[in-house]
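In what follows, a structure is listed as structure tokens, so that the remarks can point back to it.
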Amino acid sequence: MKKNKNIYTKLFTIINKFIHAGKSHHFKGKLRISKGFVLLSSNPLYILFFLCYNTTMTTTAIMLCAGSGTRMGLGYNKLFYNNGLGTVLDRTLTTLLSHGRIDNIILTYAKEDESVIKSLASNTVTAIPGGATRFDSVKNALTAAKGCDIVLIHDGARPFVTHEIIDGAIDSAIKHGSGIASTPLTDTVKIVEQGIINSTPDRSTLYSAQTPQVFRYELISKAYEKASSHMPADRLHFTDDASVLEWYGIAPHLSLGSPDNIKITTSADLAKIPGNCRIGLGYDVHRFAKNRKLILGGIEIPHPLGLLGHSDADVLTHAIMDALLSATGLPDIGVLFPDTDSAYKGADSIELLKKVHRKLQTANCQLVNISCVIMAQAPKLAPHIQKMRARLADALNINTNQINISATTTEGLGITAIADENGGIAASCNVLIR
Ligand code: MG
């Protein structure tokens with residue numbers, strides 16, 4: 001018996017090596033042997049049992065990347081939005097690629113994104129053209145996925161999907177034929193006609209369908225085939241794959257989704273991507289001068305001396321602008337508003353700050369907070385701080401509690417300790433954006 005055990009253990013070691021060698025080829029996913037089984041392998045019947053029942057199914061993931069993302073207003077596919085730590089598409093694809101039960105991935109692309117999406121192709125990732133609608137894209141991908149047992153369909157714009165959600169949907173598809181990642185609704189839903197509530201469905205029966213939506217391949221491919229032979233108008237109402245199966249006459253099963261598994265739809269959703277914060281630092285100094293107004297943080301402060309500069313020389317607002325531009329990755333104010341340009345002679349720095357803020361918005365960045373320090377021997381600034389905060393917050397369309405300003409003398413040291421034309425005022429600013 002012991003001799004037999006050694007023989008079968010050796011046999012399994014050989015089979016395991018063979019499968020391991022074939023990992024990147026068509027054996028991957030076809031056959032997997034658990035280490036624990038070697039312990040049971042002393043009986044040949046177990047081997048037969050194992051080969052019959054432990055043969056796992058192949059799973060292909062379809063990742064939909066062919067959307068235009070027009071609602072986002074980026075001017076390009078939202079999947080390519082990069083927060084400095086990778087694109088939305090990278091995040092989604094990485095989660096699928098690192099899932100042990102997904103054998104290969106099919107990406108669908110829009111014509112204008114063909115070269116970028118095709119550059120992601122590898123042994124396990126293929127790229128195919130999407131269609132005019134979501135339905136057409138999935139139909140094309142299902143044709144390309146022919147031969148797999150389980151197919152997982154996922155929106156490229158859902159980067160927060162987790163391995164647990166994927167596991168739940170795959171398990172459900174193996175057991176029931178389908179697994180639709182879903183969450184129960186927390187809001188009360190109203191059926192509305194012409195602005196008037198018609199009825200209130202029982203909330204306990206309402207779920208929000210997400211992706212992944214996972215199916216046995218034969219089932220979903222037949223449903224799509226039948227639906228595609230109908231008039232295009234009939235197919236327009238399919239906003240997900242579960243609807244196609246319902247239309248086919250089969251009730252899909254739910255699996256557990258997550259409220260975090262959102263579809264990136266608006267620019268506010270982009271701010272939910274972790275690691276999306278950036279800091280910026282700005283610093284500026286202006287010399288005191290006679291016959292000039294003293295403008296700090298957009299307000300005029302009564303003082304015998306003002307600050308010298310091409311614009312209104314608002315040293316605090318200049319430091320804030322440079323901090324914002326630095327955090328956003330844009331050139332500084334010396335480049336944007338050069339003092340050689342007469343357009344900026346005597347310019348109101350608050351108007352320039354508004355222009356910088358618009359650049360932030362264009363780059364889909366939102367201000368988190370601003371923290372500034374003004375270094376000056378004179379005048380006393382404490383009585384003016386609240387007014388400056390209010391003026392700057394108004395220009396940036398933020399709350400005053402998002403901006404804080406402190407003032408300090410420099411203990412008689414350096415240029416900011418000199419209260420005449422040989423000295424001046426300096427300002428330093430940190431910002432956080434996301
Ligand atoms: Mg300046």
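Order determines the names: the first chain of the structure tokens is A, the second B, and so forth; residues in each chain are numbered 1 upward, and ligands are numbered 1 upward as they are shown.
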* How would you write, as a PyMOL selection string, the set of residues in segment 72-119 of chain A that DSSP gives as strand (DSSP E)? -> chain A and resi 104-109
* To do: Counting only C-alpha atoms and all ligand atoms, name the residues that have an atom within 10 Å of an atom of ligand 1; the answer should be given as JSON, numbers by chain.
  => {"A": [283, 284, 285, 286, 287, 307, 308, 309, 310, 311, 312, 313, 314, 315, 316, 317, 318, 319, 321, 322, 333, 334, 339, 349, 426, 427]}
Just C-alpha atoms for this one: save the residues we selected as a CSV table (one decimal), in the first residue's frame.
chain,number,residue,atom,x,y,z
A,283,TYR,CA,5.8,81.2,-2.4
A,284,ASP,CA,6.2,84.9,-3.3
A,285,VAL,CA,7.8,88.1,-2.1
A,286,HIS,CA,7.1,91.7,-3.0
A,287,ARG,CA,9.0,94.8,-2.0
A,307,LEU,CA,3.8,96.6,-2.6
A,308,LEU,CA,5.7,97.0,-5.9
A,309,GLY,CA,4.8,94.8,-8.9
A,310,HIS,CA,3.5,94.7,-12.5
A,311,SER,CA,0.0,93.7,-11.3
A,312,ASP,CA,-1.6,94.9,-8.0
A,313,ALA,CA,1.3,92.9,-6.3
A,314,ASP,CA,-1.1,90.9,-4.1
A,315,VAL,CA,1.7,88.7,-2.8
A,316,LEU,CA,-0.7,86.3,-0.9
A,317,THR,CA,-2.9,85.7,-3.9
A,318,HIS,CA,0.2,85.1,-6.1
A,319,ALA,CA,1.4,82.4,-3.7
A,321,MET,CA,-2.1,80.7,-7.6
A,322,ASP,CA,1.4,79.2,-7.8
A,333,ILE,CA,2.0,82.5,-12.9
A,334,GLY,CA,5.3,83.9,-14.3
A,339,ASP,CA,5.1,90.8,-16.3
A,349,SER,CA,-4.9,89.4,-8.9
A,426,ALA,CA,6.4,87.4,1.7
A,427,ALA,CA,3.6,84.7,1.6
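Proximity to Leu294 of chain A at 6 Å, evaluated using only C-alpha atoms and with sequence-adjacent residues fewer than 3 positions away removed, yields A:Glu300, A:Ile301, A:Gly306, A:Leu307.
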* Asked: What are the DSSP helix (DSSP H, G or I) residues of segment 241-349 of chain A, as a PyMOL selection string?
  -> chain A and resi 241-248+267-270+315-328+333-336+342-344+349
Would you output that residue set with N, CA and C atoms, as a CSV table (one decimal), in the first residue's frame?
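So part29.csv came out as:
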chain,number,residue,atom,x,y,z
A,241,ASP,N,-27.0,43.0,-19.3
A,241,ASP,CA,-27.1,41.7,-19.9
A,241,ASP,C,-28.2,40.9,-19.2
A,242,ALA,N,-28.4,41.2,-17.9
A,242,ALA,CA,-29.5,40.5,-17.3
A,242,ALA,C,-30.8,40.7,-18.0
A,243,SER,N,-31.0,41.9,-18.5
A,243,SER,CA,-32.3,42.2,-19.3
A,243,SER,C,-32.4,41.4,-20.5
A,244,VAL,N,-31.3,41.0,-21.1
A,244,VAL,CA,-31.4,40.2,-22.3
A,244,VAL,C,-31.8,38.8,-21.9
A,245,LEU,N,-31.3,38.3,-20.8
A,245,LEU,CA,-31.7,37.0,-20.3
A,245,LEU,C,-33.2,37.0,-19.9
A,246,GLU,N,-33.6,38.0,-19.3
A,246,GLU,CA,-35.0,38.1,-18.9
A,246,GLU,C,-35.9,38.1,-20.1
A,247,TRP,N,-35.5,38.9,-21.1
A,247,TRP,CA,-36.3,38.9,-22.4
A,247,TRP,C,-36.3,37.5,-23.1
A,248,TYR,N,-35.2,36.8,-22.9
A,248,TYR,CA,-35.1,35.4,-23.4
A,248,TYR,C,-36.0,34.4,-22.7
A,267,SER,N,-17.7,63.9,-13.2
A,267,SER,CA,-16.3,64.2,-12.7
A,267,SER,C,-16.3,64.1,-11.1
A,268,ALA,N,-17.4,64.2,-10.4
A,268,ALA,CA,-17.4,64.0,-9.0
A,268,ALA,C,-17.0,62.6,-8.6
A,269,ASP,N,-17.4,61.6,-9.5
A,269,ASP,CA,-17.1,60.2,-9.3
A,269,ASP,C,-15.6,60.0,-9.3
A,270,LEU,N,-14.9,60.8,-10.2
A,270,LEU,CA,-13.4,60.7,-10.3
A,270,LEU,C,-12.7,61.0,-9.0
A,315,VAL,N,0.7,89.7,-3.0
A,315,VAL,CA,1.7,88.7,-2.8
A,315,VAL,C,1.0,87.4,-2.3
A,316,LEU,N,0.0,87.5,-1.4
A,316,LEU,CA,-0.7,86.3,-0.9
A,316,LEU,C,-1.4,85.6,-2.0
A,317,THR,N,-2.2,86.3,-2.9
A,317,THR,CA,-2.9,85.7,-3.9
A,317,THR,C,-2.0,85.0,-5.0
A,318,HIS,N,-0.8,85.7,-5.2
A,318,HIS,CA,0.2,85.1,-6.1
A,318,HIS,C,0.7,83.8,-5.6
A,319,ALA,N,0.9,83.7,-4.2
A,319,ALA,CA,1.4,82.4,-3.7
A,319,ALA,C,0.3,81.3,-3.8
A,320,ILE,N,-0.9,81.7,-3.6
A,320,ILE,CA,-2.0,80.7,-3.7
A,320,ILE,C,-2.1,80.2,-5.2
A,321,MET,N,-2.0,81.2,-6.1
A,321,MET,CA,-2.1,80.7,-7.6
A,321,MET,C,-1.0,79.8,-7.9
A,322,ASP,N,0.2,80.1,-7.5
A,322,ASP,CA,1.4,79.2,-7.8
A,322,ASP,C,1.2,77.8,-7.1
A,323,ALA,N,0.7,77.8,-5.9
A,323,ALA,CA,0.4,76.5,-5.2
A,323,ALA,C,-0.6,75.7,-6.0
A,324,LEU,N,-1.7,76.3,-6.5
A,324,LEU,CA,-2.7,75.6,-7.2
A,324,LEU,C,-2.2,75.1,-8.5
A,325,LEU,N,-1.4,75.9,-9.2
A,325,LEU,CA,-0.9,75.5,-10.5
A,325,LEU,C,0.1,74.4,-10.3
A,326,SER,N,0.9,74.5,-9.3
A,326,SER,CA,1.9,73.4,-9.0
A,326,SER,C,1.2,72.1,-8.8
A,327,ALA,N,0.2,72.1,-7.9
A,327,ALA,CA,-0.5,70.9,-7.6
A,327,ALA,C,-1.2,70.3,-8.8
A,328,THR,N,-1.6,71.1,-9.7
A,328,THR,CA,-2.3,70.7,-11.0
A,328,THR,C,-1.3,70.2,-12.0
A,333,ILE,N,2.7,81.2,-12.5
A,333,ILE,CA,2.0,82.5,-12.9
A,333,ILE,C,3.0,83.3,-13.7
A,334,GLY,N,4.3,83.2,-13.5
A,334,GLY,CA,5.3,83.9,-14.3
A,334,GLY,C,5.1,83.5,-15.8
A,335,VAL,N,4.8,82.3,-16.1
A,335,VAL,CA,4.6,81.8,-17.5
A,335,VAL,C,3.2,82.2,-18.0
A,336,LEU,N,2.2,82.0,-17.1
A,336,LEU,CA,0.8,82.2,-17.5
A,336,LEU,C,0.5,83.7,-17.7
A,342,SER,N,1.6,93.7,-21.3
A,342,SER,CA,1.0,94.9,-20.8
A,342,SER,C,-0.5,94.6,-20.3
A,343,ALA,N,-1.0,93.5,-20.8
A,343,ALA,CA,-2.4,93.1,-20.4
A,343,ALA,C,-2.5,93.0,-18.9
A,344,TYR,N,-1.4,92.6,-18.2
A,344,TYR,CA,-1.4,92.3,-16.8
A,344,TYR,C,-0.9,93.5,-16.0
A,349,SER,N,-5.4,90.8,-9.0
A,349,SER,CA,-4.9,89.4,-8.9
A,349,SER,C,-6.1,88.4,-8.6
* Asked: Nearest to Asp149 of chain A: which of A:Ile102, A:Val88, A:Met57, A:Cys65 is it, counting only C-alpha atoms?
  -> A:Met57
* Asked: If you count only C-alpha atoms, which residues fall within 9 Å of segment 103-113 of chain A, apart from same-chain ones fewer than 3 positions away, as number ranges by chain?
  -> A: 28-29, 58-68, 77, 93, 96-97, 99-100, 116-118, 120-121, 123-132, 137-138, 140-141, 144-145, 156
* Asked: When you draw a straight line from atom CA of Ala173 of chain A to atom CA of Thr239 of chain A, how long is it in Å?
  -> 19.8 Å
* segment 199-214 of chain A environment, 9 Å, only C-alpha atoms, sequence neighbours closer than 6 positions dropped, as a PyMOL selection string -> chain A and resi 61+150-155+158+161+165-166+169-170+172-173+177-192+240-242+254-255+257-258+261-263
Just to be explicit: take each residue in the selection above, keep C-alpha atoms, and write the result as a CSV table (one decimal), in the first residue's frame.
chain,number,residue,atom,x,y,z
A,61,ALA,CA,-14.1,38.2,-18.9
A,150,ILE,CA,-18.4,30.9,-18.0
A,151,VAL,CA,-18.5,34.5,-19.3
A,152,LEU,CA,-18.1,37.6,-17.0
A,153,ILE,CA,-19.3,40.9,-18.4
A,154,HIS,CA,-18.0,44.0,-16.7
A,155,ASP,CA,-18.1,47.8,-17.3
A,158,ARG,CA,-16.4,50.3,-12.6
A,161,VAL,CA,-15.0,46.0,-8.3
A,165,ILE,CA,-17.8,40.6,-5.8
A,166,ILE,CA,-16.4,38.7,-8.8
A,169,ALA,CA,-21.0,36.3,-9.3
A,170,ILE,CA,-19.0,33.4,-10.7
A,172,SER,CA,-23.8,32.0,-8.7
A,173,ALA,CA,-23.3,31.5,-12.4
A,177,GLY,CA,-26.4,29.8,-14.7
A,178,SER,CA,-26.2,33.5,-13.8
A,179,GLY,CA,-24.9,35.9,-11.2
A,180,ILE,CA,-25.8,39.6,-11.3
A,181,ALA,CA,-23.9,41.8,-8.9
A,182,SER,CA,-26.6,43.8,-7.2
A,183,THR,CA,-27.3,45.9,-4.1
A,184,PRO,CA,-30.7,46.6,-2.4
A,185,LEU,CA,-31.9,50.1,-2.9
A,186,THR,CA,-31.8,52.4,0.1
A,187,ASP,CA,-33.8,55.3,-1.4
A,188,THR,CA,-37.6,55.0,-1.8
A,189,VAL,CA,-38.3,54.8,-5.5
A,190,LYS,CA,-41.3,56.6,-7.2
A,191,ILE,CA,-42.9,55.9,-10.5
A,192,VAL,CA,-43.4,59.3,-12.0
A,240,ASP,CA,-27.5,45.4,-19.2
A,241,ASP,CA,-27.1,41.7,-19.9
A,242,ALA,CA,-29.5,40.5,-17.3
A,254,LEU,CA,-28.5,37.9,-8.0
A,255,SER,CA,-25.1,37.9,-6.3
A,257,GLY,CA,-22.5,43.7,-5.2
A,258,SER,CA,-21.4,46.7,-3.2
A,261,ASN,CA,-18.9,49.4,-6.9
A,262,ILE,CA,-20.1,52.6,-8.7
A,263,LYS,CA,-19.8,53.3,-12.4
